[in-house]
$ cat target.cif   # mmCIF, C-alpha atoms and all ligand atoms
data_upload
loop_
_atom_site.label_atom_id
_atom_site.label_comp_id
_atom_site.auth_asym_id
_atom_site.auth_seq_id
_atom_site.Cartn_x
_atom_site.Cartn_y
_atom_site.Cartn_z
CA MET B 1 0.00 0.00 0.00
CA ILE B 2 2.78 2.41 1.05
CA VAL B 3 4.78 1.47 -2.05
CA THR B 4 1.82 2.13 -4.36
CA LYS B 5 1.06 5.49 -2.80
CA ARG B 6 4.71 6.46 -2.87
CA ALA B 7 5.09 5.44 -6.54
CA ARG B 8 1.95 7.39 -7.49
CA GLU B 9 3.12 10.50 -5.65
CA ILE B 10 6.57 10.34 -7.23
CA ARG B 11 4.97 10.09 -10.69
CA GLU B 12 2.75 13.10 -10.02
CA ILE B 13 5.63 15.16 -8.59
CA ILE B 14 7.82 14.42 -11.61
CA SER B 15 5.09 15.43 -14.06
CA ASP B 16 4.53 18.74 -12.17
CA LEU B 17 8.28 19.35 -12.18
CA GLU B 18 8.45 18.68 -15.95
CA LEU B 19 5.93 21.49 -16.44
CA LEU B 20 7.81 23.82 -14.08
CA LYS B 21 11.01 23.15 -16.02
CA LEU B 22 9.54 25.21 -18.88
CA ASP B 23 9.97 28.32 -16.70
CA PRO B 24 13.64 29.38 -17.17
CA LYS B 25 13.73 30.70 -13.57
CA TYR B 26 13.17 27.22 -12.17
CA ARG B 27 14.71 25.04 -14.91
CA GLU B 28 17.86 24.06 -13.03
CA ALA B 29 16.10 23.47 -9.70
CA ALA B 30 13.36 21.44 -11.42
CA GLU B 31 15.95 19.28 -13.19
CA ILE B 32 17.79 18.62 -9.90
CA ASN B 33 14.51 17.58 -8.26
CA ILE B 34 13.38 15.43 -11.22
CA ARG B 35 16.66 13.49 -11.02
CA PHE B 36 16.25 13.20 -7.27
CA PHE B 37 12.69 11.83 -7.46
CA LYS B 38 13.52 9.45 -10.30
CA ALA B 39 16.30 8.08 -8.09
CA THR B 40 13.94 7.57 -5.14
CA ARG B 41 12.01 4.94 -7.12
CA SER B 42 14.35 2.22 -5.86
CA VAL B 43 16.98 1.78 -3.17
CA PHE B 44 19.61 0.91 -5.77
CA SER B 45 19.00 3.94 -7.97
CA PHE B 46 19.03 6.12 -4.84
CA ILE B 47 22.36 4.77 -3.64
CA HIS B 48 23.69 5.40 -7.16
CA TRP B 49 22.35 8.99 -6.97
CA LEU B 50 24.00 9.49 -3.56
CA ILE B 51 27.36 8.31 -4.86
CA SER B 52 27.43 9.85 -8.33
CA VAL B 53 25.09 12.88 -8.36
CA ALA B 54 25.07 14.25 -4.79
CA PRO B 55 28.81 15.15 -4.71
CA LYS B 56 28.39 17.18 -7.94
CA LEU B 57 25.39 19.01 -6.46
CA ARG B 58 27.43 19.90 -3.39
CA LYS B 59 29.69 21.92 -5.69
CA ILE B 60 26.74 24.02 -6.93
CA ARG B 61 25.03 23.99 -3.56
CA GLU B 62 23.74 27.58 -3.70
CA SER B 63 21.50 26.75 -6.67
CA ILE B 64 19.78 23.79 -4.98
CA LEU B 65 16.11 24.29 -4.16
CA GLU B 66 13.97 21.70 -2.42
CA LEU B 67 10.51 20.72 -3.59
CA ALA B 68 9.02 22.92 -0.83
CA ASP B 69 10.90 25.97 -2.20
CA LEU B 70 9.32 25.61 -5.64
CA PRO B 71 5.99 27.27 -6.54
CA LEU B 72 4.02 24.02 -6.34
CA LYS B 73 1.43 24.62 -3.61
CA LYS B 74 0.17 21.04 -3.35
CA TRP B 75 3.65 19.65 -2.71
CA GLN B 76 4.60 22.54 -0.43
CA ARG B 77 1.60 21.69 1.74
CA LYS B 78 2.40 17.96 1.67
CA THR B 79 5.99 18.68 2.74
CA HIS B 80 4.92 20.94 5.62
CA GLU B 81 2.31 18.42 6.78
CA GLY B 82 4.92 15.65 6.64
CA LEU B 83 7.36 17.80 8.61
CA ILE B 84 4.81 18.56 11.32
CA ARG B 85 3.75 14.88 11.60
CA TYR B 86 7.38 13.86 11.84
CA GLN B 87 8.32 16.55 14.35
CA SER B 88 5.44 15.81 16.66
CA SER B 89 6.17 12.07 16.60
CA ARG B 90 8.23 10.65 19.45
CA PHE B 91 11.10 9.96 17.06
CA GLY B 92 10.99 13.50 15.63
CA ARG B 93 10.88 15.05 19.11
CA ARG B 94 14.03 13.17 20.08
CA MET B 95 15.75 14.58 17.00
CA VAL B 96 15.25 18.18 18.21
CA ALA B 97 15.74 17.49 21.91
CA ALA B 98 19.21 19.06 21.86
CA PHE B 99 17.88 22.26 20.21
CA ILE B 100 15.09 22.53 22.80
CA LYS B 101 17.49 22.01 25.71
CA GLU B 102 19.81 24.79 24.50
CA LEU B 103 16.92 27.13 23.72
CA CYS B 104 15.25 26.70 27.09
CA GLN B 105 18.50 27.32 28.96
CA ILE B 106 19.07 30.49 26.98
CA ILE B 107 15.49 31.72 27.52
CA LEU B 108 15.89 31.16 31.27
CA LYS B 109 19.25 32.94 31.30
CA ILE B 110 17.85 35.98 29.46
CA LYS B 111 14.88 36.04 31.82
CA GLU B 112 17.19 35.94 34.84
CA MET B 113 19.27 38.74 33.35
CA LYS B 114 16.24 40.95 32.73
CA ASN B 115 15.28 40.37 36.37
CA ASN B 116 11.69 41.59 36.08
CA ASP B 117 8.23 40.04 35.76
CA GLU B 118 7.78 41.12 32.17
CA PRO B 119 6.92 38.40 29.64
CA THR B 120 9.81 37.32 27.44
CA VAL B 121 9.22 38.05 23.77
CA VAL B 122 10.59 35.34 21.47
CA PHE B 123 10.52 35.34 17.67
CA ASP B 124 10.75 32.07 15.72
CA LEU B 125 11.91 32.91 12.18
CA GLY B 126 10.75 30.46 9.51
CA PHE B 127 8.71 28.71 12.23
CA GLY B 128 7.29 26.04 9.91
CA GLY B 129 4.15 25.44 11.99
CA GLY B 130 5.75 26.00 15.40
CA GLU B 131 6.69 22.55 16.71
CA LEU B 132 9.83 23.96 18.37
CA GLY B 133 7.68 26.61 20.07
CA ARG B 134 5.23 24.01 21.36
CA GLN B 135 8.07 21.96 22.80
CA VAL B 136 9.53 25.03 24.51
CA PHE B 137 6.07 25.72 26.06
CA LYS B 138 6.04 22.16 27.44
CA LYS B 139 9.48 22.54 28.99
CA LEU B 140 8.80 26.01 30.39
CA PRO B 141 5.18 25.86 31.58
CA ASP B 142 5.61 28.62 34.15
CA VAL B 143 7.53 31.12 32.03
CA SER B 144 5.48 34.00 30.72
CA LEU B 145 6.11 34.11 26.98
CA VAL B 146 5.03 35.93 23.86
CA TYR B 147 5.83 33.64 20.92
CA VAL B 148 5.75 35.17 17.44
CA GLY B 149 6.13 32.70 14.55
CA ILE B 150 6.98 34.11 11.14
CA ASP B 151 6.92 32.17 7.90
CA ILE B 152 6.83 33.10 4.24
CA SER B 153 4.58 30.21 3.25
CA PRO B 154 0.79 30.74 3.37
CA ALA B 155 0.43 26.93 3.57
CA ILE B 156 2.27 27.07 6.91
CA MET B 157 -0.33 29.44 8.40
CA GLU B 158 -3.04 26.87 7.77
CA THR B 159 -0.94 24.10 9.30
CA ALA B 160 -0.07 26.29 12.31
CA ARG B 161 -3.74 27.09 12.95
CA GLN B 162 -4.51 23.36 13.19
CA ALA B 163 -1.37 22.51 15.17
CA PHE B 164 -1.92 25.21 17.83
CA GLN B 165 -5.67 24.57 18.13
CA PRO B 166 -5.46 21.82 20.81
CA LEU B 167 -3.39 24.11 23.09
CA HIS B 168 -5.82 26.95 22.47
CA GLU B 169 -8.79 24.71 23.31
CA LYS B 170 -7.06 23.48 26.49
CA GLY B 171 -6.69 27.12 27.54
CA GLU B 172 -2.88 27.01 27.60
CA ILE B 173 -2.36 29.63 24.91
CA VAL B 174 -4.02 32.61 23.32
CA PHE B 175 -3.64 32.26 19.54
CA GLN B 176 -3.89 34.93 16.90
CA GLU B 177 -2.98 35.46 13.27
CA LEU B 178 -1.49 38.87 12.62
CA SER B 179 -2.35 40.82 9.49
CA ILE B 180 0.38 43.37 10.22
CA LEU B 181 3.54 43.30 12.29
CA ASN B 182 5.08 46.41 13.85
CA ASP B 183 6.37 47.78 17.17
CA GLU B 184 2.86 48.61 18.43
CA VAL B 185 1.64 45.08 17.72
CA VAL B 186 4.57 43.58 19.68
CA ASP B 187 3.93 46.00 22.57
CA ALA B 188 0.26 44.99 22.60
CA LEU B 189 1.19 41.28 22.66
CA ARG B 190 3.55 41.91 25.57
CA ARG B 191 0.79 43.76 27.47
CA GLU B 192 -1.63 40.92 26.75
CA ALA B 193 0.84 38.35 28.13
CA SER B 194 1.35 40.46 31.29
CA GLY B 195 -2.32 40.11 32.11
CA THR B 196 -2.64 36.34 31.63
CA SER B 197 -1.03 33.09 32.75
CA LYS B 198 -1.37 31.73 29.20
CA LYS B 199 1.34 31.88 26.59
CA VAL B 200 0.50 34.46 23.92
CA VAL B 201 1.08 33.03 20.44
CA ALA B 202 0.93 35.08 17.25
CA VAL B 203 1.77 34.01 13.71
CA TRP B 204 2.52 36.23 10.75
CA CYS B 205 2.91 35.33 7.09
CA GLY B 206 5.86 37.32 5.76
CA ASN B 207 9.50 37.42 4.80
CA ILE B 208 12.01 37.31 7.66
CA LEU B 209 14.35 39.35 5.46
CA ASP B 210 11.94 42.31 5.71
CA LEU B 211 11.66 42.30 9.52
CA ASP B 212 13.79 45.40 9.99
CA LYS B 213 11.30 47.36 7.87
CA TYR B 214 8.59 46.80 10.47
CA LEU B 215 10.35 46.51 13.80
CA SER B 216 12.87 48.49 15.82
CA ALA B 217 15.60 47.31 18.17
CA GLY B 218 14.60 46.56 21.76
CA LYS B 219 11.19 44.99 21.08
CA ILE B 220 12.39 41.38 20.97
CA ASP B 221 14.20 39.52 23.77
CA ILE B 222 15.29 36.41 21.85
CA MET B 223 15.06 35.35 18.23
CA TRP B 224 15.76 31.90 16.93
CA HIS B 225 15.69 30.16 13.59
CA ALA B 226 15.99 26.46 12.95
CA ARG B 227 16.81 24.79 9.63
CA VAL B 228 16.01 27.91 7.65
CA LEU B 229 19.40 28.85 6.22
CA HIS B 230 19.35 26.28 3.43
CA HIS B 231 16.38 28.15 1.92
CA LEU B 232 18.40 31.37 1.58
CA THR B 233 21.01 32.62 -0.90
CA LEU B 234 24.46 33.59 0.37
CA ALA B 235 23.53 37.29 0.25
CA ASP B 236 20.28 36.65 2.11
CA LYS B 237 22.07 34.64 4.81
CA ALA B 238 24.36 37.62 5.46
CA ARG B 239 21.33 39.92 5.46
CA LEU B 240 19.57 37.70 8.01
CA VAL B 241 22.58 37.83 10.36
CA ASP B 242 22.58 41.61 10.01
CA ILE B 243 18.84 41.84 10.80
CA CYS B 244 19.25 39.51 13.80
CA ARG B 245 22.11 41.60 15.17
CA ARG B 246 20.13 44.81 14.77
CA LEU B 247 16.83 43.62 16.23
CA SER B 248 17.59 41.19 19.03
CA PRO B 249 20.18 41.01 21.83
CA ILE B 250 20.58 37.34 21.06
CA THR B 251 19.67 35.04 18.20
CA VAL B 252 19.97 31.29 18.40
CA GLU B 253 20.74 29.70 15.04
CA MET B 254 20.06 25.97 14.89
CA ASP B 255 20.87 23.83 11.90
CA ASP B 256 22.32 20.59 10.62
CA ARG B 257 25.79 19.85 9.36
CA ASN B 258 26.80 18.34 6.07
CA CYS B 259 28.39 14.99 6.81
CA PHE B 260 28.26 11.46 5.47
CA TRP B 261 26.44 10.14 8.51
CA PHE B 262 23.65 12.71 8.26
CA LYS B 263 22.94 11.69 4.64
CA PHE B 264 23.10 8.03 5.62
CA TRP B 265 20.81 8.62 8.61
CA THR B 266 18.25 10.68 6.64
CA THR B 267 18.13 8.09 3.87
CA LEU B 268 17.65 5.28 6.34
CA THR B 269 15.00 6.97 8.46
CA THR B 270 12.96 8.36 5.57
CA TRP B 271 13.03 5.00 3.84
CA LEU B 272 12.51 2.61 6.72
CA ILE B 273 11.58 4.19 10.05
CA TYR B 274 9.54 7.13 8.80
CA PRO B 275 8.88 6.48 5.10
CA ASP B 276 8.18 9.82 3.44
CA VAL B 277 9.50 10.96 0.10
CA PHE B 278 8.94 14.66 0.95
CA LEU B 279 10.99 14.47 4.14
CA MET B 280 13.67 12.64 2.22
CA ASN B 281 13.79 15.41 -0.39
CA GLY B 282 13.97 18.15 2.28
CA GLY B 283 16.45 16.24 4.45
CA ILE B 284 18.92 15.21 1.76
CA LEU B 285 18.85 18.36 -0.42
CA SER B 286 19.09 20.66 2.61
CA CYS B 287 22.02 18.62 3.94
CA LEU B 288 23.84 19.24 0.64
CA ARG B 289 23.53 22.98 1.35
CA ASP B 290 24.48 22.78 5.03
CA PRO B 291 27.95 23.79 6.25
CA THR B 292 30.48 21.20 7.34
CA LYS B 293 31.83 21.31 10.90
CA GLU B 294 35.00 22.96 9.53
CA GLU B 295 33.02 25.79 7.90
CA LEU B 296 31.31 26.90 11.13
CA THR B 297 32.49 30.15 12.69
CA GLY B 298 31.59 32.28 15.71
CA HIS B 299 30.15 30.99 18.99
CA PHE B 300 28.87 27.56 18.10
CA LYS B 301 28.41 24.21 19.71
CA LEU B 302 27.89 20.84 18.02
CA VAL B 303 24.78 19.04 19.24
CA LEU B 304 23.26 15.63 18.58
CA PRO B 305 22.50 14.09 16.21
CA PHE B 306 24.29 15.95 13.37
CA SER B 307 23.44 19.53 14.20
CA TYR B 308 24.85 22.70 15.68
CA VAL B 309 23.68 25.71 17.67
CA ARG B 310 25.26 29.11 17.08
CA LEU B 311 24.79 32.28 19.10
CA ILE B 312 24.57 35.64 17.34
CA PHE B 313 24.81 38.59 19.67
CA GLY B 314 23.03 41.86 18.91
CA ARG B 315 24.75 45.18 18.56
CA ASN B 316 23.58 48.56 19.78
CA ILE B 317 20.51 47.09 21.43
CA CYS B 318 19.23 49.58 23.97
CA PHE B 319 19.55 47.51 27.12
CA GLN B 320 23.11 46.42 26.45
CA ASP B 321 25.25 47.32 29.43
CA GLU B 322 27.79 45.73 31.76
CA LYS B 323 25.19 43.28 33.06
CA TRP B 324 24.55 42.17 29.49
CA GLU B 325 28.28 41.78 28.79
CA THR B 326 28.52 39.44 31.80
CA ALA B 327 25.45 37.48 30.67
CA MET B 328 26.94 37.08 27.20
CA LYS B 329 30.13 35.68 28.68
CA THR B 330 28.11 33.28 30.88
CA LEU B 331 26.14 32.08 27.87
CA VAL B 332 29.27 31.44 25.86
CA ARG B 333 31.35 29.87 28.63
CA GLY B 334 28.64 28.36 30.84
CA PHE B 335 27.00 26.62 27.91
CA ALA B 336 30.34 25.64 26.41
CA PHE B 337 30.03 27.44 23.09
CA GLY B 338 33.31 27.53 21.24
CA GLY B 339 34.49 30.29 18.91
C1 LIG B 401 12.85 23.31 7.04
S1 LIG B 401 11.57 24.37 7.56
C2 LIG B 401 11.99 24.50 9.30
C3 LIG B 401 10.80 24.83 10.13
C4 LIG B 401 11.08 25.03 11.61
N1 LIG B 401 11.97 26.12 11.86
C5 LIG B 401 11.59 23.77 12.25
O1 LIG B 401 12.76 23.68 12.58
O2 LIG B 401 10.80 22.87 12.42
C6 LIG B 401 12.05 25.98 6.99
C7 LIG B 401 10.93 27.01 7.05
O3 LIG B 401 11.48 28.30 6.73
C8 LIG B 401 10.52 29.01 5.96
N2 LIG B 401 11.21 30.10 5.22
C9 LIG B 401 12.14 29.97 4.26
N3 LIG B 401 12.54 31.18 3.82
C10 LIG B 401 11.84 32.10 4.52
C11 LIG B 401 11.80 33.54 4.51
N4 LIG B 401 12.56 34.26 3.70
N5 LIG B 401 10.95 34.15 5.38
C12 LIG B 401 10.16 33.42 6.21
N6 LIG B 401 10.16 32.07 6.25
C13 LIG B 401 10.99 31.41 5.42
C14 LIG B 401 9.91 27.93 5.08
O4 LIG B 401 8.64 28.32 4.57
C15 LIG B 401 9.82 26.75 6.04
O5 LIG B 401 8.61 26.71 6.71
#

$ encode --input "target.cif" --output "structure tokens"
Amino acid sequence: MIVTKRAREIREIISDLELLKLDPKYREAAEINIRFFKATRSVFSFIHWLISVAPKLRKIRESILELADLPLKKWQRKTHEGLIRYQSSRFGRRMVAAFIKELCQIILKIKEMKNNDEPTVVFDLGFGGGELGRQVFKKLPDVSLVYVGIDISPAIMETARQAFQPLHEKGEIVFQELSILNDEVVDALRREASGTSKKVVAVWCGNILDLDKYLSAGKIDIMWHARVLHHLTLADKARLVDICRRLSPITVEMDDRNCFWFKFWTTLTTWLIYPDVFLMNGGILSCLRDPTKEELTGHFKLVLPFSYVRLIFGRNICFQDEKWETAMKTLVRGFAFGG
């Protein structure tokens, strides 16, 4: 049954990609994906693809786009749904346990440093439905939080609405979809969280690379982004770092590393343990764009299974003072970040 469904989906995806190939803007990316999906039809052809095609793609890594990055709504939605199902499974939760542990420690440290009862405002850039946020809520039930999830994909907003609904119904969160995002909106969310024991959750459909057009420094306490960088060009990655440094005192970057074992692991899990051709496409193609351990710079720490966490400190953020300098040092040394 699984095999039949998988084969049918692969056929449909390839025929949609053949049509997309006619658009010169997406020709190369469509061809890469067509070859990928043709290879996923059997274990042998996929191993052949891994050995003979993947190393060549690594050399042109900036031009790789995953299926979810292409303007094919149906497959974008399928990928996001697959990602959410996977992340909320016990297996998926284990895979991000290291990210959650680091994040929660940092949130608590920032809270301690602020030393007031104000809610902590966290922004999740490219939140993909918010599974990381929900896991943070579980670990920090008593911390007053405003969680703002931002994603460029309209399909994600739909998925997020469904995924946050159970928490909303249980009365653990207040959930809202924002039509605009600016300083006043963030202030209002902070005020709302001050008057309730619930977490205040807001989602906004927009480009994280435009955030500095709408927000000023000092409104956000912590930003994080997980597994977003492989969707961005080199120039956009640098722009994101710049935006993070201007808007937030600290940004936590979480991502995977390119290594043989990650490719091996993703192939194995998406074929056997969690069979899903969309996750396989996202996992393997994103891995080809990820940095190796040797390419990482700054304050970073390797975490299990094949990932890393990097701290990006803000500049010229209004509440930066001696206390903040000490907190920065504690974060770097106390949490054993190298760099
Ligand atoms: C691989 S998913 C990761 C989702 C989530 N952060 C996680 O770790 O589960 C990457 C997400 O980043 C979003 N994204 C990519 N580029 C973006 C941009 N420029 N602005 C906002 N979101 C973006 C995608 O739509 C996608 O939902």

$ closest_residue --input "target.cif" --among "B:Ile150, B:Ile14, B:Leu50, B:Ala160" --to "ligand LIG 401 (chain B)" --atoms "only C-alpha atoms and all ligand atoms"
B:Ile150

$ residues_near_ligand --input "target.cif" --ligand "ligand LIG 401 (chain B)" --cutoff "6 Å" --atoms "only C-alpha atoms and all ligand atoms" --output "PyMOL selection string"
chain B and resi 126-128+131+150-153+206-209+225-228+231

$ atom_distance --input "target.cif" --atom1 "CA of Val143 (chain B)" --atom2 "CA of Asp212 (chain B)"
27.0 Å

$ residues_around --input "target.cif" --residues "Val136 (chain B)" --least-positions-apart "5" --cutoff "9 Å" --atoms "only C-alpha atoms" --output "MDAnalysis selection string"
chainID B and resid 100:101 103:104 131 141

$ residues_around --input "target.cif" --residues "Ala30 (chain B)" --least-positions-apart "2" --cutoff "8 Å" --atoms "only C-alpha atoms" --output "VMD selection string"
chain B and resid 17 to 18 20 to 21 26 to 28 32 to 34

$ write_last_selection --input "target.cif" --atoms "C-alpha atoms" --output "PDB file, in the frame of the given file"
ATOM      1  CA  LEU B  17       8.280  19.350 -12.180  1.00  0.00           C
ATOM      2  CA  GLU B  18       8.450  18.680 -15.950  1.00  0.00           C
ATOM      3  CA  LEU B  20       7.810  23.820 -14.080  1.00  0.00           C
ATOM      4  CA  LYS B  21      11.010  23.150 -16.020  1.00  0.00           C
ATOM      5  CA  TYR B  26      13.170  27.220 -12.170  1.00  0.00           C
ATOM      6  CA  ARG B  27      14.710  25.040 -14.910  1.00  0.00           C
ATOM      7  CA  GLU B  28      17.860  24.060 -13.030  1.00  0.00           C
ATOM      8  CA  ILE B  32      17.790  18.620  -9.900  1.00  0.00           C
ATOM      9  CA  ASN B  33      14.510  17.580  -8.260  1.00  0.00           C
ATOM     10  CA  ILE B  34      13.380  15.430 -11.220  1.00  0.00           C
TER      11      ILE B  34
END

$ atom_distance --input "target.cif" --atom1 "CA of Thr120 (chain B)" --atom2 "CA of Asp256 (chain B)"
26.8 Å

$ atom_distance --input "target.cif" --atom1 "CA of Leu181 (chain B)" --atom2 "CA of Leu108 (chain B)"
25.7 Å

$ closest_residue --input "target.cif" --among "B:Ala193, B:Leu240, B:Ala217, B:Ile284" --to "Leu65 (chain B)" --atoms "all atoms listed in the file"
B:Ile284

$ closest_residue --input "target.cif" --among "B:Cys259, B:Val186, B:Ile312, B:Met157" --to "Arg77 (chain B)" --atoms "all atoms listed in the file"
B:Met157

$ decode --input "target.cif" --residues "region 191-213 of chain B" --atoms "N, CA and C atoms" --output "PDB file, in the first residue's frame"
ATOM      1  N   ARG B 191       1.766  43.336  26.439  1.00  0.00           N
ATOM      2  CA  ARG B 191       0.790  43.764  27.467  1.00  0.00           C
ATOM      3  C   ARG B 191      -0.214  42.639  27.724  1.00  0.00           C
ATOM      4  N   GLU B 192      -0.650  42.008  26.618  1.00  0.00           N
ATOM      5  CA  GLU B 192      -1.626  40.922  26.748  1.00  0.00           C
ATOM      6  C   GLU B 192      -1.045  39.783  27.594  1.00  0.00           C
ATOM      7  N   ALA B 193       0.222  39.451  27.372  1.00  0.00           N
ATOM      8  CA  ALA B 193       0.839  38.349  28.126  1.00  0.00           C
ATOM      9  C   ALA B 193       1.019  38.720  29.595  1.00  0.00           C
ATOM     10  N   SER B 194       1.188  40.025  29.884  1.00  0.00           N
ATOM     11  CA  SER B 194       1.353  40.456  31.294  1.00  0.00           C
ATOM     12  C   SER B 194       0.094  40.190  32.091  1.00  0.00           C
ATOM     13  N   GLY B 195      -1.056  40.236  31.387  1.00  0.00           N
ATOM     14  CA  GLY B 195      -2.319  40.113  32.114  1.00  0.00           C
ATOM     15  C   GLY B 195      -2.881  38.697  32.104  1.00  0.00           C
ATOM     16  N   THR B 196      -2.096  37.703  31.677  1.00  0.00           N
ATOM     17  CA  THR B 196      -2.643  36.343  31.627  1.00  0.00           C
ATOM     18  C   THR B 196      -1.557  35.314  31.991  1.00  0.00           C
ATOM     19  N   SER B 197      -2.018  34.145  32.442  1.00  0.00           N
ATOM     20  CA  SER B 197      -1.032  33.094  32.748  1.00  0.00           C
ATOM     21  C   SER B 197      -0.787  32.239  31.502  1.00  0.00           C
ATOM     22  N   LYS B 198      -1.538  32.523  30.424  1.00  0.00           N
ATOM     23  CA  LYS B 198      -1.373  31.725  29.196  1.00  0.00           C
ATOM     24  C   LYS B 198      -0.213  32.268  28.368  1.00  0.00           C
ATOM     25  N   LYS B 199       0.348  31.403  27.550  1.00  0.00           N
ATOM     26  CA  LYS B 199       1.341  31.880  26.586  1.00  0.00           C
ATOM     27  C   LYS B 199       0.571  32.635  25.496  1.00  0.00           C
ATOM     28  N   VAL B 200       1.152  33.722  25.015  1.00  0.00           N
ATOM     29  CA  VAL B 200       0.501  34.460  23.919  1.00  0.00           C
ATOM     30  C   VAL B 200       1.223  34.112  22.619  1.00  0.00           C
ATOM     31  N   VAL B 201       0.484  33.509  21.697  1.00  0.00           N
ATOM     32  CA  VAL B 201       1.076  33.032  20.444  1.00  0.00           C
ATOM     33  C   VAL B 201       0.507  33.839  19.280  1.00  0.00           C
ATOM     34  N   ALA B 202       1.399  34.349  18.433  1.00  0.00           N
ATOM     35  CA  ALA B 202       0.927  35.080  17.247  1.00  0.00           C
ATOM     36  C   ALA B 202       1.727  34.595  16.050  1.00  0.00           C
ATOM     37  N   VAL B 203       1.049  34.428  14.910  1.00  0.00           N
ATOM     38  CA  VAL B 203       1.770  34.005  13.711  1.00  0.00           C
ATOM     39  C   VAL B 203       1.559  35.046  12.618  1.00  0.00           C
ATOM     40  N   TRP B 204       2.585  35.212  11.801  1.00  0.00           N
ATOM     41  CA  TRP B 204       2.525  36.229  10.745  1.00  0.00           C
ATOM     42  C   TRP B 204       3.133  35.654   9.475  1.00  0.00           C
ATOM     43  N   CYS B 205       2.418  35.842   8.371  1.00  0.00           N
ATOM     44  CA  CYS B 205       2.915  35.332   7.094  1.00  0.00           C
ATOM     45  C   CYS B 205       3.730  36.439   6.420  1.00  0.00           C
ATOM     46  N   GLY B 206       5.025  36.277   6.363  1.00  0.00           N
ATOM     47  CA  GLY B 206       5.862  37.321   5.759  1.00  0.00           C
ATOM     48  C   GLY B 206       7.299  36.861   5.659  1.00  0.00           C
ATOM     49  N   ASN B 207       8.104  37.745   5.073  1.00  0.00           N
ATOM     50  CA  ASN B 207       9.500  37.418   4.804  1.00  0.00           C
ATOM     51  C   ASN B 207      10.381  37.860   5.977  1.00  0.00           C
ATOM     52  N   ILE B 208      11.147  36.943   6.531  1.00  0.00           N
ATOM     53  CA  ILE B 208      12.015  37.313   7.663  1.00  0.00           C
ATOM     54  C   ILE B 208      13.084  38.326   7.237  1.00  0.00           C
ATOM     55  N   LEU B 209      13.326  38.413   5.935  1.00  0.00           N
ATOM     56  CA  LEU B 209      14.353  39.349   5.461  1.00  0.00           C
ATOM     57  C   LEU B 209      13.825  40.780   5.388  1.00  0.00           C
ATOM     58  N   ASP B 210      12.531  40.951   5.698  1.00  0.00           N
ATOM     59  CA  ASP B 210      11.941  42.309   5.710  1.00  0.00           C
ATOM     60  C   ASP B 210      11.688  42.795   7.129  1.00  0.00           C
ATOM     61  N   LEU B 211      12.060  41.989   8.135  1.00  0.00           N
ATOM     62  CA  LEU B 211      11.662  42.302   9.518  1.00  0.00           C
ATOM     63  C   LEU B 211      12.094  43.685   9.971  1.00  0.00           C
ATOM     64  N   ASP B 212      13.291  44.098   9.523  1.00  0.00           N
ATOM     65  CA  ASP B 212      13.786  45.397   9.990  1.00  0.00           C
ATOM     66  C   ASP B 212      13.004  46.572   9.391  1.00  0.00           C
ATOM     67  N   LYS B 213      12.142  46.285   8.402  1.00  0.00           N
ATOM     68  CA  LYS B 213      11.296  47.362   7.865  1.00  0.00           C
ATOM     69  C   LYS B 213      10.141  47.656   8.817  1.00  0.00           C
TER      70      LYS B 213
END
